[in-house]
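Pasting data_14.pdb here (PDB, C-alpha atoms):
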```
ATOM      1  CA  VAL A   1      -7.566  15.230  16.420
ATOM      2  CA  SER A   2      -5.239  18.058  17.407
ATOM      3  CA  PRO A   3      -1.776  18.190  15.814
ATOM      4  CA  PRO A   4       0.585  16.206  18.102
ATOM      5  CA  ALA A   5       3.586  17.931  19.647
ATOM      6  CA  ASP A   6       5.965  15.030  18.969
ATOM      7  CA  LEU A   7       5.529  13.299  15.610
ATOM      8  CA  SER A   8       8.439  10.916  16.329
ATOM      9  CA  LYS A   9       6.496   9.356  19.217
ATOM     10  CA  VAL A  10       3.445   9.015  16.965
ATOM     11  CA  LEU A  11       5.514   7.268  14.293
ATOM     12  CA  LEU A  12       6.938   4.798  16.825
ATOM     13  CA  ARG A  13       3.460   4.074  18.224
ATOM     14  CA  LEU A  14       2.197   3.402  14.695
ATOM     15  CA  LEU A  15       5.125   1.107  13.893
ATOM     16  CA  ALA A  16       4.176  -0.897  16.994
ATOM     17  CA  ALA A  17       0.454  -1.060  16.115
ATOM     18  CA  PRO A  18      -0.868  -4.622  15.520
ATOM     19  CA  ASN A  19      -1.939  -3.895  11.918
ATOM     20  CA  ILE A  20       1.447  -2.357  11.013
ATOM     21  CA  SER A  21       4.138  -4.084  13.080
ATOM     22  CA  SER A  22       6.144  -7.009  11.687
ATOM     23  CA  LYS A  23       4.105 -10.129  10.895
ATOM     24  CA  GLU A  24       7.163 -12.376  11.189
ATOM     25  CA  ARG A  25       5.762 -14.431  14.067
ATOM     26  CA  VAL A  26       2.745 -15.233  11.878
ATOM     27  CA  VAL A  27       4.633 -15.744   8.610
ATOM     28  CA  ARG A  28       7.157 -18.103  10.233
ATOM     29  CA  THR A  29       4.422 -20.438  11.505
ATOM     30  CA  TYR A  30       3.835 -21.631   7.936
ATOM     31  CA  ASP A  31       6.482 -22.895   5.543
ATOM     32  CA  HIS A  32       6.171 -20.294   2.788
ATOM     33  CA  GLU A  33       9.063 -21.919   0.929
ATOM     34  CA  VAL A  34       7.271 -25.175   0.132
ATOM     35  CA  GLN A  35       8.854 -26.816  -2.958
ATOM     36  CA  GLY A  36      11.515 -24.100  -2.996
ATOM     37  CA  ASN A  37       9.559 -21.965  -5.490
ATOM     38  CA  THR A  38       9.357 -18.718  -3.498
ATOM     39  CA  VAL A  39      11.642 -16.252  -5.282
ATOM     40  CA  LEU A  40      10.472 -13.092  -3.486
ATOM     41  CA  LYS A  41       9.440 -13.841   0.077
ATOM     42  CA  PRO A  42       6.956 -12.106   2.416
ATOM     43  CA  LEU A  43       9.879 -10.964   4.592
ATOM     44  CA  HIS A  44      12.762  -9.387   2.719
ATOM     45  CA  GLY A  45      16.427  -8.676   3.319
ATOM     46  CA  LYS A  46      18.574  -9.227   6.390
ATOM     47  CA  TYR A  47      16.167  -7.192   8.526
ATOM     48  CA  GLY A  48      13.028  -8.975   7.315
ATOM     49  CA  GLY A  49      11.117  -6.002   5.898
ATOM     50  CA  PRO A  50       7.561  -6.520   4.581
ATOM     51  CA  ASN A  51       7.522  -7.084   0.817
ATOM     52  CA  ASP A  52       4.344  -5.962  -0.953
ATOM     53  CA  ALA A  53       3.837  -9.325  -2.677
ATOM     54  CA  ALA A  54       5.403 -12.743  -3.020
ATOM     55  CA  VAL A  55       6.832 -13.975  -6.327
ATOM     56  CA  LEU A  56       6.673 -17.695  -7.140
ATOM     57  CA  LYS A  57       8.435 -19.712  -9.846
ATOM     58  CA  PRO A  58       5.929 -22.427 -10.828
ATOM     59  CA  LEU A  59       7.698 -23.624 -13.980
ATOM     60  CA  HIS A  60      11.198 -25.122 -13.981
ATOM     61  CA  ASP A  61      11.831 -24.281 -17.647
ATOM     62  CA  SER A  62      10.619 -20.653 -17.616
ATOM     63  CA  TRP A  63      11.593 -17.362 -15.956
ATOM     64  CA  GLN A  64       7.940 -16.310 -15.967
ATOM     65  CA  GLY A  65       6.562 -16.062 -12.438
ATOM     66  CA  LEU A  66       3.419 -15.551 -10.385
ATOM     67  CA  THR A  67       2.909 -12.532  -8.139
ATOM     68  CA  VAL A  68       0.591 -12.909  -5.129
ATOM     69  CA  SER A  69      -0.600  -9.985  -2.999
ATOM     70  CA  CYS A  70      -3.439  -8.966  -0.690
ATOM     71  CA  GLY A  71      -5.489  -5.929   0.299
ATOM     72  CA  MET A  72      -7.732  -5.448   3.317
ATOM     73  CA  ASN A  73      -9.086  -2.321   5.034
ATOM     74  CA  SER A  74     -11.733  -3.463   7.481
ATOM     75  CA  ARG A  75     -11.870  -0.226   9.508
ATOM     76  CA  TYR A  76     -13.090   1.623   6.411
ATOM     77  CA  GLY A  77     -16.127  -0.688   6.536
ATOM     78  CA  ARG A  78     -17.315   1.125   9.658
ATOM     79  CA  ILE A  79     -17.685   4.253   7.526
ATOM     80  CA  ASP A  80     -18.581   3.081   4.012
ATOM     81  CA  PRO A  81     -18.587  -0.568   2.829
ATOM     82  CA  TYR A  82     -18.507   0.535  -0.820
ATOM     83  CA  TRP A  83     -15.225   2.429  -0.483
ATOM     84  CA  MET A  84     -13.863  -0.236   1.865
ATOM     85  CA  ALA A  85     -14.255  -2.794  -0.934
ATOM     86  CA  ALA A  86     -12.840  -0.407  -3.547
ATOM     87  CA  SER A  87      -9.830   0.333  -1.323
ATOM     88  CA  SER A  88      -9.141  -3.366  -0.773
ATOM     89  CA  ILE A  89      -9.107  -3.966  -4.539
ATOM     90  CA  ASP A  90      -6.857  -0.973  -5.144
ATOM     91  CA  GLU A  91      -4.438  -2.074  -2.412
ATOM     92  CA  ALA A  92      -4.221  -5.652  -3.686
ATOM     93  CA  VAL A  93      -3.578  -4.440  -7.233
ATOM     94  CA  ARG A  94      -0.935  -1.854  -6.303
ATOM     95  CA  ASN A  95       0.845  -4.358  -4.023
ATOM     96  CA  ASN A  96       1.076  -6.628  -7.071
ATOM     97  CA  VAL A  97       2.288  -3.809  -9.306
ATOM     98  CA  ALA A  98       4.926  -2.848  -6.700
ATOM     99  CA  VAL A  99       6.927  -6.015  -7.459
ATOM    100  CA  GLY A 100       6.294  -5.987 -11.223
ATOM    101  CA  GLY A 101       3.025  -7.926 -11.571
ATOM    102  CA  ARG A 102       0.581  -7.434 -14.425
ATOM    103  CA  ARG A 103      -2.393  -9.318 -16.043
ATOM    104  CA  ILE A 104      -3.926  -9.441 -12.560
ATOM    105  CA  SER A 105      -6.887 -11.559 -11.407
ATOM    106  CA  LEU A 106      -8.708 -11.288  -8.070
ATOM    107  CA  LEU A 107     -10.220 -13.447  -5.340
ATOM    108  CA  ASP A 108     -12.643 -12.197  -2.680
ATOM    109  CA  ASN A 109     -13.097 -13.279   0.933
ATOM    110  CA  PHE A 110     -16.081 -11.714   2.699
ATOM    111  CA  VAL A 111     -16.450 -11.790   6.498
ATOM    112  CA  TRP A 112     -19.888 -10.388   7.312
ATOM    113  CA  GLY A 113     -22.824 -10.282   9.666
ATOM    114  CA  ASN A 114     -26.283 -11.781   9.188
ATOM    115  CA  PRO A 115     -27.466 -10.995   5.611
ATOM    116  CA  GLU A 116     -31.056 -11.688   6.661
ATOM    117  CA  LYS A 117     -30.936  -8.370   8.518
ATOM    118  CA  SER A 118     -31.365  -5.166   6.525
ATOM    119  CA  GLY A 119     -28.172  -3.414   7.745
ATOM    120  CA  PRO A 120     -25.616  -6.109   6.943
ATOM    121  CA  LEU A 121     -27.469  -6.937   3.714
ATOM    122  CA  ALA A 122     -27.322  -3.308   2.545
ATOM    123  CA  ASP A 123     -23.614  -3.163   3.397
ATOM    124  CA  LEU A 124     -23.028  -6.427   1.490
ATOM    125  CA  LEU A 125     -24.833  -5.089  -1.568
ATOM    126  CA  GLU A 126     -22.679  -1.942  -1.574
ATOM    127  CA  ALA A 127     -19.457  -3.950  -1.261
ATOM    128  CA  CYS A 128     -20.502  -6.291  -4.091
ATOM    129  CA  GLU A 129     -21.336  -3.308  -6.315
ATOM    130  CA  ALA A 130     -17.847  -1.912  -5.665
ATOM    131  CA  CYS A 131     -16.295  -5.301  -6.501
ATOM    132  CA  TYR A 132     -18.139  -5.381  -9.821
ATOM    133  CA  GLU A 133     -17.412  -1.770 -10.790
ATOM    134  CA  PHE A 134     -13.744  -1.650  -9.812
ATOM    135  CA  SER A 135     -12.846  -5.065 -11.198
ATOM    136  CA  LYS A 136     -14.179  -3.803 -14.540
ATOM    137  CA  LEU A 137     -12.347  -0.476 -14.258
ATOM    138  CA  PHE A 138      -9.029  -2.125 -13.328
ATOM    139  CA  SER A 139      -9.563  -4.932 -15.889
ATOM    140  CA  THR A 140      -8.965  -7.446 -13.089
ATOM    141  CA  PRO A 141     -11.530 -10.288 -13.259
ATOM    142  CA  PHE A 142     -12.636 -12.220 -10.186
ATOM    143  CA  ILE A 143     -11.674 -15.863 -10.659
ATOM    144  CA  SER A 144     -12.676 -17.244  -7.263
ATOM    145  CA  GLY A 145     -13.638 -16.319  -3.729
ATOM    146  CA  LYS A 146     -15.402 -17.269  -0.529
ATOM    147  CA  ASP A 147     -17.750 -15.760   2.008
ATOM    148  CA  SER A 148     -18.256 -16.220   5.739
ATOM    149  CA  LEU A 149     -21.643 -14.832   6.798
ATOM    150  CA  TYR A 150     -23.649 -14.751  10.046
ATOM    151  CA  ASN A 151     -20.649 -13.591  12.094
ATOM    152  CA  GLU A 152     -22.464 -12.002  15.021
ATOM    153  CA  SER A 153     -22.500 -12.002  18.811
ATOM    154  CA  PRO A 154     -24.730 -10.367  21.449
ATOM    155  CA  LEU A 155     -22.612  -7.248  20.834
ATOM    156  CA  GLY A 156     -23.709  -7.147  17.179
ATOM    157  CA  PRO A 157     -22.251  -8.038  13.759
ATOM    158  CA  VAL A 158     -18.559  -7.970  12.876
ATOM    159  CA  THR A 159     -17.244  -4.961  11.008
ATOM    160  CA  PRO A 160     -17.919  -5.504   7.271
ATOM    161  CA  THR A 161     -14.596  -6.931   6.068
ATOM    162  CA  LEU A 162     -13.361  -7.882   2.618
ATOM    163  CA  LEU A 163      -9.982  -9.467   1.920
ATOM    164  CA  ILE A 164      -8.906  -9.243  -1.723
ATOM    165  CA  THR A 165      -6.139 -11.482  -3.044
ATOM    166  CA  ALA A 166      -4.509 -10.554  -6.354
ATOM    167  CA  ILE A 167      -2.623 -12.976  -8.596
ATOM    168  CA  GLY A 168      -0.531 -11.551 -11.425
ATOM    169  CA  ILE A 169       2.165 -12.567 -13.869
ATOM    170  CA  ILE A 170       5.725 -11.235 -14.048
ATOM    171  CA  PRO A 171       7.435 -11.925 -17.411
ATOM    172  CA  ASP A 172      10.910 -12.253 -15.877
ATOM    173  CA  LEU A 173      11.026 -12.909 -12.165
ATOM    174  CA  ARG A 174      14.746 -12.053 -12.130
ATOM    175  CA  LYS A 175      13.623  -8.428 -12.543
ATOM    176  CA  ALA A 176      11.213  -8.449  -9.582
ATOM    177  CA  VAL A 177      11.396  -5.214  -7.565
ATOM    178  CA  THR A 178      11.769  -5.132  -3.775
ATOM    179  CA  LEU A 179      10.959  -2.444  -1.211
ATOM    180  CA  ASP A 180      14.390  -1.802   0.379
ATOM    181  CA  PHE A 181      16.357   1.345  -0.443
ATOM    182  CA  LYS A 182      19.328   0.498  -2.650
ATOM    183  CA  ARG A 183      21.741   3.428  -2.885
ATOM    184  CA  SER A 184      22.249   6.795  -1.231
ATOM    185  CA  GLY A 185      21.637   9.765  -3.517
ATOM    186  CA  ASN A 186      18.920   8.041  -5.549
ATOM    187  CA  PRO A 187      15.777  10.181  -5.916
ATOM    188  CA  ILE A 188      12.497   9.120  -4.279
ATOM    189  CA  TYR A 189       9.232   9.751  -6.122
ATOM    190  CA  LEU A 190       5.689   9.586  -4.835
ATOM    191  CA  VAL A 191       3.236   8.288  -7.434
ATOM    192  CA  GLY A 192      -0.356   9.376  -6.815
ATOM    193  CA  LYS A 193      -2.011  12.165  -4.879
ATOM    194  CA  THR A 194      -2.453  12.548  -1.119
ATOM    195  CA  TYR A 195      -5.753  13.777   0.319
ATOM    196  CA  ALA A 196      -7.035  14.528   3.830
ATOM    197  CA  GLU A 197      -8.637  11.076   3.954
ATOM    198  CA  LEU A 198      -7.963   9.723   7.429
ATOM    199  CA  GLY A 199     -11.293   8.076   8.219
ATOM    200  CA  GLY A 200     -10.651   4.521   9.428
ATOM    201  CA  SER A 201      -6.886   5.189   9.477
ATOM    202  CA  GLU A 202      -4.383   3.719  11.878
ATOM    203  CA  TYR A 203      -3.492   7.303  12.849
ATOM    204  CA  TYR A 204      -7.038   8.024  14.024
ATOM    205  CA  ARG A 205      -7.062   4.672  15.806
ATOM    206  CA  LEU A 206      -4.272   5.906  18.101
ATOM    207  CA  PHE A 207      -6.742   8.500  19.376
ATOM    208  CA  ASN A 208      -9.716   6.087  19.547
ATOM    209  CA  GLN A 209     -11.377   7.832  16.613
ATOM    210  CA  VAL A 210     -12.918   6.372  13.455
ATOM    211  CA  GLY A 211     -13.652   9.495  11.407
ATOM    212  CA  ARG A 212     -15.872   9.732   8.339
ATOM    213  CA  SER A 213     -13.557  10.444   5.384
ATOM    214  CA  ALA A 214     -12.783   6.924   4.148
ATOM    215  CA  PRO A 215     -10.241   6.973   1.287
ATOM    216  CA  LYS A 216     -11.785   6.843  -2.188
ATOM    217  CA  VAL A 217     -10.434   5.385  -5.439
ATOM    218  CA  ASN A 218     -10.141   6.981  -8.871
ATOM    219  CA  ALA A 219      -9.614   3.740 -10.776
ATOM    220  CA  LEU A 220      -8.922   5.263 -14.195
ATOM    221  CA  LYS A 221      -6.170   7.526 -12.838
ATOM    222  CA  ALA A 222      -4.793   4.692 -10.728
ATOM    223  CA  LYS A 223      -4.675   2.253 -13.634
ATOM    224  CA  LYS A 224      -2.857   4.788 -15.816
ATOM    225  CA  ALA A 225      -0.275   5.409 -13.079
ATOM    226  CA  PHE A 226       0.189   1.690 -12.368
ATOM    227  CA  ASP A 227       0.724   0.965 -16.075
ATOM    228  CA  SER A 228       3.366   3.715 -16.207
ATOM    229  CA  VAL A 229       5.170   2.287 -13.165
ATOM    230  CA  ILE A 230       5.292  -1.138 -14.857
ATOM    231  CA  LYS A 231       6.804   0.491 -17.980
ATOM    232  CA  ALA A 232       9.418   2.204 -15.792
ATOM    233  CA  MET A 233      10.274  -1.137 -14.181
ATOM    234  CA  ASP A 234      10.605  -2.799 -17.585
ATOM    235  CA  SER A 235      12.884   0.072 -18.668
ATOM    236  CA  GLY A 236      15.199  -0.578 -15.716
ATOM    237  CA  PHE A 237      14.767   2.808 -13.978
ATOM    238  CA  VAL A 238      13.199   1.511 -10.759
ATOM    239  CA  ARG A 239      15.469   0.415  -7.917
ATOM    240  CA  ALA A 240      12.823   0.005  -5.198
ATOM    241  CA  CYS A 241       9.049   0.300  -4.927
ATOM    242  CA  HIS A 242       6.622   0.152  -2.010
ATOM    243  CA  ASP A 243       2.914   0.802  -1.690
ATOM    244  CA  ILE A 244       1.508   3.314   0.806
ATOM    245  CA  SER A 245      -1.298   1.829   2.874
ATOM    246  CA  GLU A 246      -1.787   1.426   6.653
ATOM    247  CA  GLY A 247      -0.127   4.321   8.459
ATOM    248  CA  GLY A 248       0.483   6.380   5.341
ATOM    249  CA  LEU A 249       3.646   7.903   3.868
ATOM    250  CA  ALA A 250       5.716   7.940   7.066
ATOM    251  CA  ILE A 251       5.156   4.224   7.687
ATOM    252  CA  ALA A 252       5.921   3.239   4.073
ATOM    253  CA  LEU A 253       9.205   5.168   4.137
ATOM    254  CA  SER A 254      10.051   3.644   7.524
ATOM    255  CA  GLU A 255       9.553   0.142   6.127
ATOM    256  CA  MET A 256      11.793   0.917   3.147
ATOM    257  CA  ALA A 257      14.484   2.221   5.521
ATOM    258  CA  ILE A 258      14.098  -0.621   8.042
ATOM    259  CA  SER A 259      14.605  -3.121   5.203
ATOM    260  CA  SER A 260      17.893  -1.514   4.145
ATOM    261  CA  ASP A 261      20.994   0.192   5.510
ATOM    262  CA  CYS A 262      19.870   3.604   4.260
ATOM    263  CA  GLY A 263      17.688   6.456   5.411
ATOM    264  CA  ALA A 264      15.841   9.200   3.535
ATOM    265  CA  GLU A 265      15.498  12.972   3.394
ATOM    266  CA  ILE A 266      11.923  13.997   2.543
ATOM    267  CA  ASP A 267      10.302  17.392   1.901
ATOM    268  CA  LEU A 268       6.548  17.330   2.594
ATOM    269  CA  ARG A 269       6.073  20.482   0.493
ATOM    270  CA  CYS A 270       6.895  18.381  -2.581
ATOM    271  CA  VAL A 271       4.271  15.703  -1.862
ATOM    272  CA  PRO A 272       1.560  15.859  -4.583
ATOM    273  CA  SER A 273      -1.488  16.588  -2.446
ATOM    274  CA  SER A 274      -4.846  18.257  -2.136
ATOM    275  CA  MET A 275      -5.318  18.965   1.559
ATOM    276  CA  GLY A 276      -7.918  21.730   1.407
ATOM    277  CA  SER A 277      -7.580  25.106   3.097
ATOM    278  CA  SER A 278      -5.774  23.900   6.250
ATOM    279  CA  PRO A 279      -2.972  21.470   5.320
ATOM    280  CA  ARG A 280      -1.247  19.741   8.228
ATOM    281  CA  ASP A 281       2.062  17.900   8.476
ATOM    282  CA  ASP A 282       0.510  14.990  10.370
ATOM    283  CA  PHE A 283      -2.212  14.551   7.728
ATOM    284  CA  VAL A 284       0.373  14.447   4.909
ATOM    285  CA  LEU A 285       2.480  11.962   6.886
ATOM    286  CA  PHE A 286      -0.332   9.600   7.924
ATOM    287  CA  SER A 287      -3.104   9.910   5.320
ATOM    288  CA  GLU A 288      -4.005   6.539   3.786
ATOM    289  CA  SER A 289      -5.135   7.793   0.371
ATOM    290  CA  ASN A 290      -5.279   5.008  -2.193
ATOM    291  CA  SER A 291      -3.362   4.350  -5.427
ATOM    292  CA  ARG A 292       0.000   5.636  -4.148
ATOM    293  CA  LEU A 293       3.441   4.099  -4.575
ATOM    294  CA  LEU A 294       6.893   5.164  -3.414
ATOM    295  CA  VAL A 295       9.534   4.640  -6.094
ATOM    296  CA  GLU A 296      13.311   4.858  -5.788
ATOM    297  CA  VAL A 297      14.733   5.713  -9.208
ATOM    298  CA  ALA A 298      18.319   5.261 -10.376
ATOM    299  CA  ARG A 299      20.185   8.562 -10.148
ATOM    300  CA  GLY A 300      20.575  10.125 -13.577
ATOM    301  CA  LYS A 301      17.298   8.619 -14.844
ATOM    302  CA  GLU A 302      15.034  11.287 -13.386
ATOM    303  CA  LYS A 303      14.097  12.889 -16.721
ATOM    304  CA  PHE A 304      13.258   9.535 -18.280
ATOM    305  CA  PHE A 305      11.094   8.563 -15.300
ATOM    306  CA  GLU A 306       9.320  11.937 -15.155
ATOM    307  CA  LYS A 307       8.607  11.830 -18.900
ATOM    308  CA  LEU A 308       7.135   8.350 -18.520
ATOM    309  CA  MET A 309       5.015   9.237 -15.470
ATOM    310  CA  GLY A 310       3.891  12.715 -16.505
ATOM    311  CA  ALA A 311       1.924  14.472 -13.778
ATOM    312  CA  ASP A 312       1.365  11.229 -11.859
ATOM    313  CA  ALA A 313       4.594  11.482  -9.822
ATOM    314  CA  GLY A 314       6.374  14.037  -7.664
ATOM    315  CA  LEU A 315      10.023  14.124  -6.527
ATOM    316  CA  ILE A 316       9.779  14.250  -2.713
ATOM    317  CA  GLY A 317      13.343  13.524  -1.587
ATOM    318  CA  LYS A 318      16.315  11.219  -1.816
ATOM    319  CA  VAL A 319      17.869   8.171  -0.225
ATOM    320  CA  SER A 320      20.491   9.147   2.371
ATOM    321  CA  GLU A 321      23.614   7.405   3.583
ATOM    322  CA  SER A 322      22.667   7.870   7.236
ATOM    323  CA  GLU A 323      20.316   5.474   9.023
ATOM    324  CA  CYS A 324      17.963   8.376   9.672
ATOM    325  CA  LEU A 325      14.548   9.394   8.377
ATOM    326  CA  SER A 326      14.250  13.158   8.117
ATOM    327  CA  PHE A 327      11.117  15.119   7.161
ATOM    328  CA  SER A 328      10.914  18.840   6.381
ATOM    329  CA  GLY A 329       7.384  20.093   6.995
ATOM    330  CA  LEU A 330       4.949  22.235   5.054
ATOM    331  CA  LYS A 331       6.466  25.365   6.647
ATOM    332  CA  SER A 332       9.992  24.240   5.630
ATOM    333  CA  ARG A 333      11.146  23.494   9.215
ATOM    334  CA  LYS A 334      12.132  19.968  10.254
ATOM    335  CA  VAL A 335       9.126  18.229  11.797
ATOM    336  CA  LEU A 336      10.383  14.665  12.257
ATOM    337  CA  GLU A 337      13.828  13.102  12.466
ATOM    338  CA  ILE A 338      14.340   9.591  13.764
TER     339      ILE A 338
END
```
Output the structure of this file as structure tokens.
Amino acid sequence: VSPPADLSKVLLRLLAAPNISSKERVVRTYDHEVQGNTVLKPLHGKYGGPNDAAVLKPLHDSWQGLTVSCGMNSRYGRIDPYWMAASSIDEAVRNNVAVGGRRISLLDNFVWGNPEKSGPLADLLEACEACYEFSKLFSTPFISGKDSLYNESPLGPVTPTLLITAIGIIPDLRKAVTLDFKRSGNPIYLVGKTYAELGGSEYYRLFNQVGRSAPKVNALKAKKAFDSVIKAMDSGFVRACHDISEGGLAIALSEMAISSDCGAEIDLRCVPSSMGSSPRDDFVLFSESNSRLLVEVARGKEKFFEKLMGADAGLIGKVSESECLSFSGLKSRKVLEI
């Protein structure tokens, strides 16, 4: 894929993509406020931005809550079912962490082709191996699940797809964190590293490409970073948090801005990344590397947050008073303003 001339048009096309655009018309078809226990809802704020997880209050006499999130990356299954499964687990876990969840358990939902055929069976074996290995590494046991096999037509089997649901506990649901920017001037940190992993990405999909570099997961590094983010939340430093998944960094920042009355000023040179010998602005903006979170920190608490996170986080910009997203590129010139 050649670097596009107008990144603003690309961002708008991605925001309109079926896997990224608002799911309000789906969410509203079911009463997600049954029994009045939904504290943090799927759609958040006056503009209905997409929260990473829902928070429920199951007990009337306790402030302890349940956090429920999901992760699914079916397009990665066209490249590598093992890393597709690992990515789905990582996404479900980090979505849970983004609102303050911990002590996480998992459920699996497989949608697969005919396991009596060697291809789908081999893919299923790889996905199951990833489920076993990464649930152990993240210390997130599987407590239930379901499979739907034999999904085929004359055109062939469905893309190997795994939906992971994560259920966690938040000690005090009054301290649940949301995705919307809170205050202009607050610093924005990116937790985790960005790689040139765009295989199966929504960005490649715009150009009818699949690619071959499906995002991978370093579970030990991810778990350490997630634990540090939870400590920062418990310390009161975190004002907003959002995971980076479909569409990459630019989409995640857009969702944080859309959910609030603020914008952001971002410098792509400050993004912790390993892009190889030919780094590109579009790859940094739209890579879907796993284990990454955007964190808005209270101004004046930068040193405390950086000490807590260590090398796991990089200061990439700040919340702005304008309703504008502005990105300075790898060559210091402005590459996107919208």
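The residues returned by the PyMOL selection byres ((chain A and resi 73) around 8) for this structure are A:Gly71, A:Met72, A:Ser74, A:Arg75, A:Tyr76, A:Gly77, A:Met84, A:Ala85, A:Ser87, A:Ser88, A:Thr161, A:Leu162, A:Leu163.
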All residues 10 Å or closer to Pro120 of chain A, only C-alpha atoms, same chain fewer than 4 positions away omitted, as a list in words: Pro81, Trp112, Gly113, Asn114, Pro115, Glu116, Leu124, Leu125, Glu126, Leu149, Tyr150, Pro157, Val158, Thr159 and Pro160 of chain A
Between atom CA of Gly310 of chain A and atom CA of Ala240 of chain A - distance in Å to one decimal: 19.2 Å
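With only C-alpha atoms as the atoms that count, the residue of A:Glu129, A:Asp108, A:Asp123, A:Asp243 with the shortest distance to Ser144 of chain A is A:Asp108.
The smallest atom-to-atom distance between Val210 of chain A and any of A:Phe181, A:Val34, A:Arg78, A:Met309, using all atoms listed in the file, is found for A:Arg78.
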Minimum-distance residue to Ile251 of chain A, chosen among A:Val297, A:Ile20, A:Cys70, A:Val111 (using only C-alpha atoms): A:Ile20
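Within a radius of 9 Å around (-5.5, 5.7, -9.1), the polymer residues are Asp90, Gly192, Lys193, Val217, Asn218, Ala219, Leu220, Lys221, Ala222, Lys223, Lys224, Ala225, Phe226, Asn290, Ser291 and Arg292 of chain A, counting all atoms listed in the file.
Applied to this file, the PyMOL selection byres ((chain A and resi 131) around 9) selects the residues A:Tyr82, A:Ala85, A:Ala86, A:Ile89, A:Asp108, A:Glu126, A:Ala127, A:Cys128, A:Glu129, A:Ala130, A:Tyr132, A:Glu133, A:Phe134, A:Ser135, A:Lys136, A:Phe142.
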Test item: the PyMOL selection byres ((chain A and resi 269) around 8) resolved as a ChimeraX atom specification: /A:267-268,270-271,316,328-332
With 10 Å as the threshold, what does the neighbourhood of (0.5, -14.5, -6.5) contain in terms of residues, counting only C-alpha atoms? Coordinates are those of the file; answer as a short mmCIF file (atom, residue, chain, number, x, y, z; two decimals) with C-alpha atoms, in the frame of the given file.
```
data_model
loop_
_atom_site.label_atom_id
_atom_site.label_comp_id
_atom_site.auth_asym_id
_atom_site.auth_seq_id
_atom_site.Cartn_x
_atom_site.Cartn_y
_atom_site.Cartn_z
CA ALA A 53 3.84 -9.32 -2.68
CA ALA A 54 5.40 -12.74 -3.02
CA VAL A 55 6.83 -13.98 -6.33
CA LEU A 56 6.67 -17.70 -7.14
CA GLY A 65 6.56 -16.06 -12.44
CA LEU A 66 3.42 -15.55 -10.38
CA THR A 67 2.91 -12.53 -8.14
CA VAL A 68 0.59 -12.91 -5.13
CA SER A 69 -0.60 -9.98 -3.00
CA CYS A 70 -3.44 -8.97 -0.69
CA ASN A 96 1.08 -6.63 -7.07
CA GLY A 101 3.02 -7.93 -11.57
CA ILE A 104 -3.93 -9.44 -12.56
CA SER A 105 -6.89 -11.56 -11.41
CA LEU A 106 -8.71 -11.29 -8.07
CA THR A 165 -6.14 -11.48 -3.04
CA ALA A 166 -4.51 -10.55 -6.35
CA ILE A 167 -2.62 -12.98 -8.60
CA GLY A 168 -0.53 -11.55 -11.42
CA ILE A 169 2.16 -12.57 -13.87
CA ILE A 170 5.72 -11.24 -14.05
#
```
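In this model, the gap between atom CA of Phe110 of chain A and atom CA of Lys146 of chain A comes to 6.5 Å.
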Residue nearest Ser148 of chain A among A:Gln64, A:Asn109, A:Ser213, A:Ser274 (counting all atoms listed in the file): A:Asn109
Edge lengths and centre in Å to one decimal, as AutoDock Vina command-line options, is what I'm after for the box along x, y and z that holds all listed atoms of segment 200-205 of chain A once 5 Å is added on each side.
```
--center_x -7.1 --center_y 5.9 --center_z 12.6 --size_x 17.2 --size_y 14.3 --size_z 16.4
```
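Rounded to one decimal, atom CA of Leu315 of chain A and atom CA of Ile188 of chain A lie 6.0 Å from each other.
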Might you pull out every residue within 8 Å of Ser245 of chain A, with only C-alpha atoms counted and same-chain residues fewer than 4 positions away left off, and present them as a PDB file with C-alpha atoms, in the coordinates of the input?
```pdb
ATOM      1  CA  GLU A  91      -4.438  -2.074  -2.412  1.00  0.00           C
ATOM      2  CA  LEU A 249       3.646   7.903   3.868  1.00  0.00           C
ATOM      3  CA  ALA A 252       5.921   3.239   4.073  1.00  0.00           C
ATOM      4  CA  GLU A 288      -4.005   6.539   3.786  1.00  0.00           C
ATOM      5  CA  SER A 289      -5.135   7.793   0.371  1.00  0.00           C
ATOM      6  CA  ASN A 290      -5.279   5.008  -2.193  1.00  0.00           C
TER       7      ASN A 290
END
```
Close residues, Pro3 of chain A itself excluded, 12 Å, only C-alpha atoms, min 3 positions apart in chain, as a count of residues only: 16
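Of the listed residues (A:Tyr189, A:Ala196, A:Ser277, A:Pro4), A:Tyr189 comes nearest to Arg239 of chain A; the distances count only C-alpha atoms.
Proximity to Asn95 of chain A was assessed for A:Leu137, A:Leu294, A:Leu11, A:Leu253 counting only C-alpha atoms; the smallest distance is recorded for A:Leu294.
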Contacts of Phe304 of chain A at 10 Å (all atoms listed in the file; same-chain gap of 3+ positions) as a VMD selection string: chain A and resid 232 235 237 297 300 to 301 307 to 309
